[in-house]
Amino acid sequence: MPEKTGTAHNFLVNDELLAQTLSIYEEISAEDELLLESFRASEQKAEGEELDQQTTAVLVDADPASLAHLKKNRHHNPRDISQESQALFDILERDFAAVTPRVTVRLAGVNKQLTAEDVKLCFVAFVSCFSPPIKSRFATDFNYTENDSGEKTSQTNDSDEDDASTGRNLTSEDVNVESKSDAERFPRPFVPSGIVNILWTDVIRTTFLDQLDLKPANVKKIEVASGHVFDSALSFIRDTLVLLGVIDVRKIYNKSSRRNGEEILSMEETYFLDASRDRRSTVDEVVSVHQDIHQEYGEYLMKPSAKESFSDIMEKYDERWNSLIIDACSLDSRNESEASYVVQMLPWNTVRAKNFKKASTLLSEKKFLHGRLQALGILEGTTAQVTDAEELLLRFFENKDSVLCFESIDPDQIMLNAYERTRKDITRMVEDLDISKEDEENSTPADAIHRQRRNKAQLETGKALHLMGVSLGSQGFGEEEMELYREALQLKRMAASGPSLTISDTLHCLGFALDNNGMCLEAMDFYNQALAIRRSIVGDGDLRVAETLHNKGALLCEQGQCDDAMTCLQEALEIRLSHFGQHNETCADTQQWIGNVMREFERYEESLQFFQSALRTKKSVLGADNDEVANTLQNMAVVLDDMGNYVLSLQCYDEALRIYTLQFGKVHERVTDTLQRIAIDYAIIEKYDEALLKFKEAIEIREKLLEGITSRLSDPTELIRSLIHPEEVDLNEAQNCYGNLIECYDEARQLTQRLSESDHAALSLIFHRLGELYFETDDFDSALESFDEALKSQGALAEKDGINEEQVCDLLFKKGFVHLSMKEYQSAKSCFESVVYRRRNLEGSDRSAEAVALYCLGIAFDTLGAHKLALSAFNEALHGWKEVQGDSDVRCGYALYWLGKQEFDVGRFTQAVVWYRGALQTFKANKNNVDYAVVAKTLDCLGSTHEQLGSTESALQCYTEGARLIRWKLHDNHEYLIGLLCRSGNIKQKMGLAADAIELYEEAIQVMKNSARPDDVQLCETIQTFGMLLQKQGEYERARELLSESYRLFISVLGQDDLKSADAVLKLGQVLVLQESYEAAMQCYREALRVQRKKLRTDHELVAETLFCMGANLLLRQNYKESIQCFQQALSIQRNAHGDNHTIVARTLHNLAKSYKAVGSLDKSVVCYKEALRIITSNNGSSSEEIAELSFEMAEAHEANQNYQAAISKYQEALTIWGDSDENSNRLTAVLRKLGLVHLKAGDNEDAIEFLQETLERLEEDSNADDDKLLSSTLAGIAKAFSNIGSFDSAVHFYQRHIDLHKPDPSMGEAVSDSLYAIGTIYARLNNLDDAMNHFQECLVVRKDSFGGTDDRVARVLFNLGVVFEKQEVFDSAKDCFTEALKIYKGNGNEEEANSLLQDLGRT
């Protein structure tokens, strides 16, 4: 509401001080008075208009790669101070200047008289610290949305900003541009006077510290001076500011009791104590800025441009003063005014105090959030949460370089935690307003009001969720953004009576989010929905329509649908031009997309024109040095390239290069990308020297961009280590950099060959680097080709200048390592042998490099099984490193490890122990630079060697030490830890220590969840055993993980075509079926069957088992024909293997019967059931449960085959078995219901009623029975049976119960309509025409809703209605019903019914 104005007597001012201070007011001139009246009138007019103003869209700049959107969020567009405002500021300046110093403060022996300047500083500090933040630009005016009823409005939405990264528009709720500034801030708070006094006390304190030359001892005294010293000063400042009219001081009445101890009472603007008030109430004093103009004046004084600016002081003490404020606030305060201030302002003050951790905790604190939402409301409270979270994030990153400010908080979790807590609270608040199904149907005024409150809360919650979604999307949380949009959309639709603009906003934003996440088809669907709503409500010329058309056009362009894209973009451009004119950034964005489409059409001249127009606009709006201008220049250059105008193209690229370099520095991806494009253009116009220079410049920058990314071929020691402990390399980060660099080198290679084919030195270097880069990207074939070309260049150099043996050796070594990585061990061996030979004949050769080649040669020999040669190579490598580096070099340890492995592989376990121990001693001497994974692996190998020697205690010691080392030096989920734990468990099991073994196995399973596993058959089997055990215990997900891992390991160790691998994948398929992952399970079964048929006879039992599993899976997936084939094949194999009377045969027959029944081959189904039942009955070990289940299913087959007496007989057999057991209560109910229904089908209505009523009693008595389907069929069956025997009252009763069961559920319209139809028919038979009419009419409504108006079932109701009307002699209505029914029948081609109706229509 508008703030109340008044004269001086309205304020709580000391009378004596008032008399003393009245002299500060000068007489206001007539000119100033007129100006004030003018201001008041315009202010009142604006306040009156504010209630009727609609809102328009504020578009989101959603660039997740930066915090630019947050900076825009806090940026309040500075408005030029109007002449009216400046005149008022001048009056306020004169009023402040006239303040007479009357109070002296004495601190640390120094007297200071408070001046007008001190009073003004206190006012400015008040405005600074107690001004609420500018609302998130994503939320601006969410509280004042457009007409949600969907009525067409005429507002303009002249705010149409785009996503910086894509040029697409993302809208938030709609905001009216004229009222935007009024809604950008939260309401000014009422600040408890105690908090204000704390602030003003420190402001006065700082005036002493700033203005006086004090000794350190005096500074300390001033800092710790008690508050009472400032009492008179505080009274003077407060009363002076009140008399100046810039602040209000008000009394707030707080009742001593609260509802539930939580209610925060609203502020009551009362200026005098009321004697009639409850004496138990307490009174708080609160302070606020008087009017908007005074707020603007305080903000003006904080600007550096002000005549008398306080900006430096505010910047200096902002953190200090806000820290004092948050220390003065309490979340547990029972003071109403303080509690109200806390929920509104505390996070903002905490952020400004740079206490980021406390702020992030506060925003997720349950009690605080509950109070904030209760006090501010769902939407305003959420807006405050979003605003505070964004400000926290922005200021955190602005201060992250400060050691004092950088706190241990995760920036990614700040918003996620705060928003998730907010989402839970606001959705719970809406759920608390839910109306029961019974109340929903009531129509009392109280119920209507409650529904209205609920709908409003749903709408506000939808908008709040939308707001959080937009905010999260701007930070790159795409999945969370889309989830919030979907929830928001659901709530908005529940609250709205039809389409509305707020629904279209969420549809548009959801489309944008899906678009950004690559879900193009779904995005297009949401864009179309948003567009349809916007066109229908605001018309074709609204900017919101343009937003969606723009995004839709851009998406269509990316999908190659250029015609449709052009249609959308042209319409979007026309709308934007009509609103903004040519010079608007959004118009430029649309023009740029049109340019892209024109290029796809190869209409280059027109494309260029659109890009040029966009360029002019962006230069004028954003400035000539903006990177968006450079992007447009790049696009223009590409079109000019298409046109062959390379001179102009180069000019565009050069200017873009200048801007990118200016904005991002020289070492940046955009800079090198532009250089590469320039080089390509130079090459095209045959300026090869210039092209080569540009490529070299681009290469230099790209090489710098790769600094910090370790090359795998650059460190020989790392290569040696990796051959023992290879690690997976994540190439995602560097892949694009490597790819671009390869392109540059390849282009440079072509130019070098063109300019000088004889420059073999340069070509060798280029090919050499290309080989390294291809290796880094795992493109081993290209790497080999490049190294070969480099060797050829070296060969050509040899003819001219002599061969460079060092470079040749380096190239051959890298080529050999590529072969090793490709597991081409023979080729690798040849390369390494050549390197060793050349280095031994090279004078002054690097002995260490020769040792590396020998080491790799040993690896090649080892993989080829030549262990004797491998031993020799590793020995020579060991001696080479000892010769160069000494015995303690870590590489000697690696060589000793491989020597131990060779001895182990040839069965010389005692010698292997010697080598492994030597390796461990070497590693111990290199604690600071050894890979502890290699140490653990060596301990593992040593333990395995001890096991082979029968020394289980020593083996266990090695395994235990290896596990301890991994936990200590590496991490608890390291891949090697699994094998060590499993092998330790195996030894413990052999030692009879089962409990210890289980504990180790369990730990191994825990580690497996997050780590890679070593290739070990024993480990595979251990994992598989545990997986099967968990499957039996019902822990399917854990079992699936373990069985999947065991299968992967079996393939790795034994190969995919091993029978153990087939068994592993079969077991994996079985657990996948239990998880209802049928397709994945079928793939597993097919793979198992492939291996089994390859390795075994086609009639092997394992083949039959797999075929049975496949059939069972297909049966569950309702693929009955294929399941029959599988069961038949399995049955044939099983009968050959086990004979005709085995339970395995019965099991297959049982499932085959199910499949036959499903496809309608009921005779075959019954035969299979009979045979399965015979086998089960003849086996003494078979349970009665199996017999009952088979009898029940066989009865169902008889029933489906309309052999009702046989069905009744088999149902009775099942009833006899299940009736004797309390454990089969549900099955007993099911068979009773089946007996009732089959008796009904057989015409035995009395028996049907007996069984069905017993079923009904059981269902009603069973508190666990929650199957409406069973209850529904039972009620309907009883009703039909009563109807059949003429007990119409009972029939109507049960039909009505059937209706009541389903009526609240819209999806059960068919069931409801059938019962309504039946009741109408009964009443028609009884000639109760009014009741018949009512039920038929209600049935008609339900069927139209359920099936549409053209369904034959609707026509049948219309026919019956016509008959009733005819009996009532309402012939016109009867004719209308018959006519409409006839139209439906004819439209559906139902000639029989149509002809019958024609006769009735003629009669009518």
# chains A, B, ... in the order shown; residues from 1 in each chain; ligands from 1
>>> select_by_dssp(residues="region 675-855 of chain A", states="alpha helix (DSSP H)", output="PyMOL selection string")
chain A and resi 675-684+688-705+716-722+732-755+760-776+780-801+805-821+825-840+847-855
>>> residues_around(residues="Leu970 (chain A)", least_positions_apart="5", cutoff="12 Å", atoms="only C-alpha atoms", output="VMD selection string")
chain A and resid 930 to 936 962 to 965 975 to 977
>>> write_last_selection(atoms="N, CA and C atoms", output="compact mmCIF listing (two decimals), in the first residue's frame")
# COMPACT_ATOMS: atom_id res chain seq x y z
N VAL A 930 57.70 -42.84 -6.22
CA VAL A 930 57.26 -44.14 -6.68
C VAL A 930 55.74 -44.15 -6.81
N ASP A 931 55.25 -44.95 -7.73
CA ASP A 931 53.80 -45.14 -7.87
C ASP A 931 53.40 -46.25 -6.90
N TYR A 932 52.63 -45.89 -5.88
CA TYR A 932 52.29 -46.88 -4.85
C TYR A 932 51.36 -47.96 -5.39
N ALA A 933 50.68 -47.71 -6.50
CA ALA A 933 49.89 -48.78 -7.13
C ALA A 933 50.81 -49.87 -7.64
N VAL A 934 51.98 -49.49 -8.16
CA VAL A 934 52.95 -50.48 -8.62
C VAL A 934 53.50 -51.27 -7.44
N VAL A 935 53.74 -50.57 -6.31
CA VAL A 935 54.21 -51.27 -5.11
C VAL A 935 53.17 -52.30 -4.66
N ALA A 936 51.89 -51.87 -4.64
CA ALA A 936 50.83 -52.79 -4.22
C ALA A 936 50.73 -53.98 -5.17
N GLY A 962 49.68 -55.03 1.14
CA GLY A 962 49.29 -54.33 -0.08
C GLY A 962 47.99 -53.56 0.09
N ALA A 963 47.01 -54.19 0.76
CA ALA A 963 45.73 -53.52 1.01
C ALA A 963 45.92 -52.31 1.91
N ARG A 964 46.75 -52.48 2.97
CA ARG A 964 47.01 -51.36 3.87
C ARG A 964 47.66 -50.19 3.15
N LEU A 965 48.62 -50.52 2.28
CA LEU A 965 49.34 -49.49 1.53
C LEU A 965 48.38 -48.70 0.61
N GLU A 975 41.43 -50.03 -7.74
CA GLU A 975 41.14 -51.30 -8.41
C GLU A 975 41.92 -52.48 -7.82
N TYR A 976 43.18 -52.28 -7.44
CA TYR A 976 43.99 -53.39 -6.95
C TYR A 976 43.52 -53.88 -5.58
N LEU A 977 42.82 -53.03 -4.84
CA LEU A 977 42.39 -53.42 -3.50
C LEU A 977 41.43 -54.61 -3.56
>>> atom_distance(atom1="CA of Val629 (chain A)", atom2="CA of Arg599 (chain A)")
18.8 Å
>>> residues_around(residues="region 528-537 of chain A", least_positions_apart="4", cutoff="6 Å", atoms="only C-alpha atoms", output="PDB file with C-alpha atoms, in the first residue's frame")
ATOM      1  CA  LYS A 152      -6.282 -10.900 -23.981  1.00  0.00           C
ATOM      2  CA  SER A 504       3.027 -20.286 -22.015  1.00  0.00           C
ATOM      3  CA  LEU A 507       6.259 -24.002 -21.908  1.00  0.00           C
ATOM      4  CA  HIS A 508       8.605 -21.609 -23.700  1.00  0.00           C
ATOM      5  CA  VAL A 545       5.079 -14.510 -29.872  1.00  0.00           C
TER       6      VAL A 545
END
>>> residues_around(residues="Tyr297 (chain A)", least_positions_apart="5", cutoff="9 Å", atoms="only C-alpha atoms", output="PyMOL selection string")
chain A and resi 85+88-89+92+124+292+302
>>> write_last_selection(atoms="N, CA and C atoms", output="tab-separated table (two decimals), in the first residue's frame")
chain	number	residue	atom	x	y	z
A	85	SER	N	13.25	15.70	-9.27
A	85	SER	CA	14.01	15.03	-8.22
A	85	SER	C	15.20	15.87	-7.78
A	88	LEU	N	14.10	18.54	-5.49
A	88	LEU	CA	13.85	18.03	-4.15
A	88	LEU	C	15.14	17.70	-3.43
A	89	PHE	N	16.13	17.16	-4.17
A	89	PHE	CA	17.44	16.88	-3.55
A	89	PHE	C	18.06	18.18	-3.04
A	92	LEU	N	16.47	19.08	0.19
A	92	LEU	CA	16.98	18.23	1.27
A	92	LEU	C	18.41	18.61	1.64
A	124	VAL	N	22.73	8.08	5.21
A	124	VAL	CA	23.23	7.33	4.06
A	124	VAL	C	23.57	5.90	4.48
A	292	ASP	N	9.77	7.25	-1.29
A	292	ASP	CA	10.68	6.85	-2.35
A	292	ASP	C	11.71	7.93	-2.66
A	302	MET	N	25.29	8.05	-2.34
A	302	MET	CA	26.29	6.96	-2.37
A	302	MET	C	27.02	6.90	-3.70
>>> closest_residue(among="A:Asn1245, A:Gln753, A:Gln1092, A:Asn197", to="Ile325 (chain A)", atoms="only C-alpha atoms")
A:Asn197
>>> residues_around(residues="Phe526 (chain A)", least_positions_apart="3", cutoff="12 Å", atoms="only C-alpha atoms", output="JSON, numbers by chain")
{"A": [482, 485, 486, 489, 503, 504, 505, 506, 507, 508, 509, 510, 511, 512, 513, 514, 515, 519, 520, 521, 522, 523, 529, 530, 531, 532, 533, 548, 549, 551, 552]}
>>> write_last_selection(atoms="N, CA and C atoms", output="PDB file, in the first residue's frame")
ATOM      1  N   MET A 482      14.976 -28.390 -15.980  1.00  0.00           N
ATOM      2  CA  MET A 482      13.834 -29.001 -16.666  1.00  0.00           C
ATOM      3  C   MET A 482      12.870 -29.647 -15.672  1.00  0.00           C
ATOM      4  N   TYR A 485      10.753 -26.904 -14.211  1.00  0.00           N
ATOM      5  CA  TYR A 485       9.768 -26.429 -15.188  1.00  0.00           C
ATOM      6  C   TYR A 485       8.587 -27.384 -15.287  1.00  0.00           C
ATOM      7  N   ARG A 486       8.875 -28.668 -15.301  1.00  0.00           N
ATOM      8  CA  ARG A 486       7.786 -29.642 -15.447  1.00  0.00           C
ATOM      9  C   ARG A 486       6.865 -29.593 -14.223  1.00  0.00           C
ATOM     10  N   LEU A 489       4.835 -26.388 -14.511  1.00  0.00           N
ATOM     11  CA  LEU A 489       3.799 -26.509 -15.534  1.00  0.00           C
ATOM     12  C   LEU A 489       2.604 -27.289 -15.008  1.00  0.00           C
ATOM     13  N   ILE A 503       1.367 -20.029 -18.188  1.00  0.00           N
ATOM     14  CA  ILE A 503       1.624 -21.390 -18.668  1.00  0.00           C
ATOM     15  C   ILE A 503       2.495 -21.340 -19.907  1.00  0.00           C
ATOM     16  N   SER A 504       2.216 -20.390 -20.794  1.00  0.00           N
ATOM     17  CA  SER A 504       3.027 -20.286 -22.015  1.00  0.00           C
ATOM     18  C   SER A 504       4.465 -19.938 -21.693  1.00  0.00           C
ATOM     19  N   ASP A 505       4.684 -19.142 -20.642  1.00  0.00           N
ATOM     20  CA  ASP A 505       6.058 -18.803 -20.254  1.00  0.00           C
ATOM     21  C   ASP A 505       6.838 -20.057 -19.878  1.00  0.00           C
ATOM     22  N   THR A 506       6.216 -20.920 -19.083  1.00  0.00           N
ATOM     23  CA  THR A 506       6.902 -22.135 -18.663  1.00  0.00           C
ATOM     24  C   THR A 506       7.095 -23.087 -19.836  1.00  0.00           C
ATOM     25  N   LEU A 507       6.103 -23.172 -20.708  1.00  0.00           N
ATOM     26  CA  LEU A 507       6.259 -24.002 -21.908  1.00  0.00           C
ATOM     27  C   LEU A 507       7.430 -23.508 -22.744  1.00  0.00           C
ATOM     28  N   HIS A 508       7.513 -22.194 -22.905  1.00  0.00           N
ATOM     29  CA  HIS A 508       8.605 -21.609 -23.700  1.00  0.00           C
ATOM     30  C   HIS A 508       9.956 -21.914 -23.068  1.00  0.00           C
ATOM     31  N   CYS A 509      10.049 -21.693 -21.750  1.00  0.00           N
ATOM     32  CA  CYS A 509      11.323 -21.915 -21.062  1.00  0.00           C
ATOM     33  C   CYS A 509      11.709 -23.392 -21.056  1.00  0.00           C
ATOM     34  N   LEU A 510      10.718 -24.260 -20.916  1.00  0.00           N
ATOM     35  CA  LEU A 510      11.005 -25.690 -20.959  1.00  0.00           C
ATOM     36  C   LEU A 510      11.499 -26.085 -22.343  1.00  0.00           C
ATOM     37  N   GLY A 511      10.897 -25.508 -23.373  1.00  0.00           N
ATOM     38  CA  GLY A 511      11.392 -25.752 -24.728  1.00  0.00           C
ATOM     39  C   GLY A 511      12.825 -25.290 -24.881  1.00  0.00           C
ATOM     40  N   PHE A 512      13.131 -24.125 -24.327  1.00  0.00           N
ATOM     41  CA  PHE A 512      14.495 -23.582 -24.402  1.00  0.00           C
ATOM     42  C   PHE A 512      15.490 -24.494 -23.698  1.00  0.00           C
ATOM     43  N   ALA A 513      15.105 -24.992 -22.506  1.00  0.00           N
ATOM     44  CA  ALA A 513      16.000 -25.877 -21.750  1.00  0.00           C
ATOM     45  C   ALA A 513      16.226 -27.191 -22.498  1.00  0.00           C
ATOM     46  N   LEU A 514      15.160 -27.755 -23.035  1.00  0.00           N
ATOM     47  CA  LEU A 514      15.299 -28.992 -23.807  1.00  0.00           C
ATOM     48  C   LEU A 514      16.157 -28.764 -25.038  1.00  0.00           C
ATOM     49  N   ASP A 515      15.962 -27.633 -25.684  1.00  0.00           N
ATOM     50  CA  ASP A 515      16.758 -27.258 -26.858  1.00  0.00           C
ATOM     51  C   ASP A 515      18.238 -27.222 -26.503  1.00  0.00           C
ATOM     52  N   MET A 519      17.529 -32.033 -26.797  1.00  0.00           N
ATOM     53  CA  MET A 519      16.278 -32.787 -26.965  1.00  0.00           C
ATOM     54  C   MET A 519      15.368 -32.004 -27.915  1.00  0.00           C
ATOM     55  N   CYS A 520      15.719 -32.058 -29.183  1.00  0.00           N
ATOM     56  CA  CYS A 520      15.135 -31.128 -30.157  1.00  0.00           C
ATOM     57  C   CYS A 520      13.654 -31.384 -30.412  1.00  0.00           C
ATOM     58  N   LEU A 521      13.268 -32.640 -30.556  1.00  0.00           N
ATOM     59  CA  LEU A 521      11.872 -32.933 -30.879  1.00  0.00           C
ATOM     60  C   LEU A 521      10.951 -32.491 -29.752  1.00  0.00           C
ATOM     61  N   GLU A 522      11.340 -32.809 -28.525  1.00  0.00           N
ATOM     62  CA  GLU A 522      10.515 -32.414 -27.387  1.00  0.00           C
ATOM     63  C   GLU A 522      10.506 -30.899 -27.237  1.00  0.00           C
ATOM     64  N   ALA A 523      11.657 -30.268 -27.482  1.00  0.00           N
ATOM     65  CA  ALA A 523      11.721 -28.807 -27.411  1.00  0.00           C
ATOM     66  C   ALA A 523      10.753 -28.180 -28.402  1.00  0.00           C
ATOM     67  N   GLN A 529       3.440 -25.457 -28.367  1.00  0.00           N
ATOM     68  CA  GLN A 529       2.376 -25.250 -27.377  1.00  0.00           C
ATOM     69  C   GLN A 529       2.396 -23.813 -26.864  1.00  0.00           C
ATOM     70  N   ALA A 530       3.594 -23.314 -26.541  1.00  0.00           N
ATOM     71  CA  ALA A 530       3.713 -21.934 -26.049  1.00  0.00           C
ATOM     72  C   ALA A 530       3.230 -20.944 -27.101  1.00  0.00           C
ATOM     73  N   LEU A 531       3.611 -21.187 -28.342  1.00  0.00           N
ATOM     74  CA  LEU A 531       3.239 -20.282 -29.423  1.00  0.00           C
ATOM     75  C   LEU A 531       1.728 -20.244 -29.617  1.00  0.00           C
ATOM     76  N   ALA A 532       1.084 -21.388 -29.553  1.00  0.00           N
ATOM     77  CA  ALA A 532      -0.369 -21.436 -29.745  1.00  0.00           C
ATOM     78  C   ALA A 532      -1.082 -20.642 -28.658  1.00  0.00           C
ATOM     79  N   ILE A 533      -0.634 -20.794 -27.413  1.00  0.00           N
ATOM     80  CA  ILE A 533      -1.266 -20.066 -26.312  1.00  0.00           C
ATOM     81  C   ILE A 533      -1.036 -18.573 -26.465  1.00  0.00           C
ATOM     82  N   THR A 548       9.128 -16.816 -29.061  1.00  0.00           N
ATOM     83  CA  THR A 548       8.986 -18.234 -29.359  1.00  0.00           C
ATOM     84  C   THR A 548       9.242 -18.514 -30.829  1.00  0.00           C
ATOM     85  N   LEU A 549       8.781 -17.631 -31.699  1.00  0.00           N
ATOM     86  CA  LEU A 549       9.054 -17.806 -33.128  1.00  0.00           C
ATOM     87  C   LEU A 549      10.551 -17.781 -33.394  1.00  0.00           C
ATOM     88  N   ASN A 551      13.059 -18.600 -31.307  1.00  0.00           N
ATOM     89  CA  ASN A 551      13.689 -19.846 -30.840  1.00  0.00           C
ATOM     90  C   ASN A 551      13.320 -21.024 -31.731  1.00  0.00           C
ATOM     91  N   LYS A 552      12.061 -21.071 -32.125  1.00  0.00           N
ATOM     92  CA  LYS A 552      11.613 -22.160 -32.988  1.00  0.00           C
ATOM     93  C   LYS A 552      12.340 -22.106 -34.327  1.00  0.00           C
TER      94      LYS A 552
END
>>> residues_around(residues="Asp940 (chain A)", least_positions_apart="4", cutoff="12 Å", atoms="only C-alpha atoms", output="MDAnalysis selection string")
chainID A and resid 897 901 913 916:917 920 933:936 944:947 954:966 976:984 1014
>>> atom_distance(atom1="CA of Ala796 (chain A)", atom2="CA of Gln676 (chain A)")
29.7 Å
>>> atom_distance(atom1="CA of Cys1020 (chain A)", atom2="CA of Phe1050 (chain A)")
6.2 Å
>>> closest_residue(among="A:Glu824, A:Glu876, A:Leu467, A:Gln1399", to="Val836 (chain A)", atoms="only C-alpha atoms")
A:Glu876
>>> decode(residues="region 949-988 of chain A", atoms="C-alpha atoms", output="PDB file, in the first residue's frame")
ATOM      1  CA  LEU A 949      55.243 -72.197  -2.693  1.00  0.00           C
ATOM      2  CA  GLY A 950      52.640 -73.143  -0.044  1.00  0.00           C
ATOM      3  CA  SER A 951      53.572 -70.277   2.295  1.00  0.00           C
ATOM      4  CA  THR A 952      50.038 -69.093   3.029  1.00  0.00           C
ATOM      5  CA  GLU A 953      51.051 -67.032   6.068  1.00  0.00           C
ATOM      6  CA  SER A 954      53.605 -65.094   3.993  1.00  0.00           C
ATOM      7  CA  ALA A 955      51.082 -64.716   1.171  1.00  0.00           C
ATOM      8  CA  LEU A 956      48.458 -63.350   3.569  1.00  0.00           C
ATOM      9  CA  GLN A 957      51.025 -60.935   4.980  1.00  0.00           C
ATOM     10  CA  CYS A 958      51.782 -59.632   1.462  1.00  0.00           C
ATOM     11  CA  TYR A 959      48.098 -59.246   0.600  1.00  0.00           C
ATOM     12  CA  THR A 960      47.349 -57.500   3.900  1.00  0.00           C
ATOM     13  CA  GLU A 961      50.301 -55.129   3.499  1.00  0.00           C
ATOM     14  CA  GLY A 962      49.292 -54.329  -0.081  1.00  0.00           C
ATOM     15  CA  ALA A 963      45.729 -53.521   1.008  1.00  0.00           C
ATOM     16  CA  ARG A 964      47.006 -51.356   3.873  1.00  0.00           C
ATOM     17  CA  LEU A 965      49.337 -49.486   1.533  1.00  0.00           C
ATOM     18  CA  ILE A 966      46.526 -48.754  -0.941  1.00  0.00           C
ATOM     19  CA  ARG A 967      44.223 -47.427   1.778  1.00  0.00           C
ATOM     20  CA  TRP A 968      47.037 -45.284   3.188  1.00  0.00           C
ATOM     21  CA  LYS A 969      48.663 -43.893   0.072  1.00  0.00           C
ATOM     22  CA  LEU A 970      46.003 -44.148  -2.611  1.00  0.00           C
ATOM     23  CA  HIS A 971      42.279 -44.452  -1.911  1.00  0.00           C
ATOM     24  CA  ASP A 972      39.791 -46.945  -0.549  1.00  0.00           C
ATOM     25  CA  ASN A 973      38.292 -47.685  -3.962  1.00  0.00           C
ATOM     26  CA  HIS A 974      41.456 -48.475  -5.884  1.00  0.00           C
ATOM     27  CA  GLU A 975      41.140 -51.299  -8.407  1.00  0.00           C
ATOM     28  CA  TYR A 976      43.991 -53.387  -6.947  1.00  0.00           C
ATOM     29  CA  LEU A 977      42.391 -53.417  -3.504  1.00  0.00           C
ATOM     30  CA  ILE A 978      39.653 -55.766  -4.739  1.00  0.00           C
ATOM     31  CA  GLY A 979      41.985 -58.564  -5.758  1.00  0.00           C
ATOM     32  CA  LEU A 980      44.020 -58.240  -2.573  1.00  0.00           C
ATOM     33  CA  LEU A 981      40.880 -58.458  -0.417  1.00  0.00           C
ATOM     34  CA  CYS A 982      39.488 -61.418  -2.358  1.00  0.00           C
ATOM     35  CA  ARG A 983      42.738 -63.347  -2.195  1.00  0.00           C
ATOM     36  CA  SER A 984      43.022 -62.574   1.506  1.00  0.00           C
ATOM     37  CA  GLY A 985      39.459 -63.820   1.929  1.00  0.00           C
ATOM     38  CA  ASN A 986      40.264 -67.038   0.063  1.00  0.00           C
ATOM     39  CA  ILE A 987      43.196 -67.718   2.380  1.00  0.00           C
ATOM     40  CA  LYS A 988      41.102 -66.932   5.465  1.00  0.00           C
TER      41      LYS A 988
END
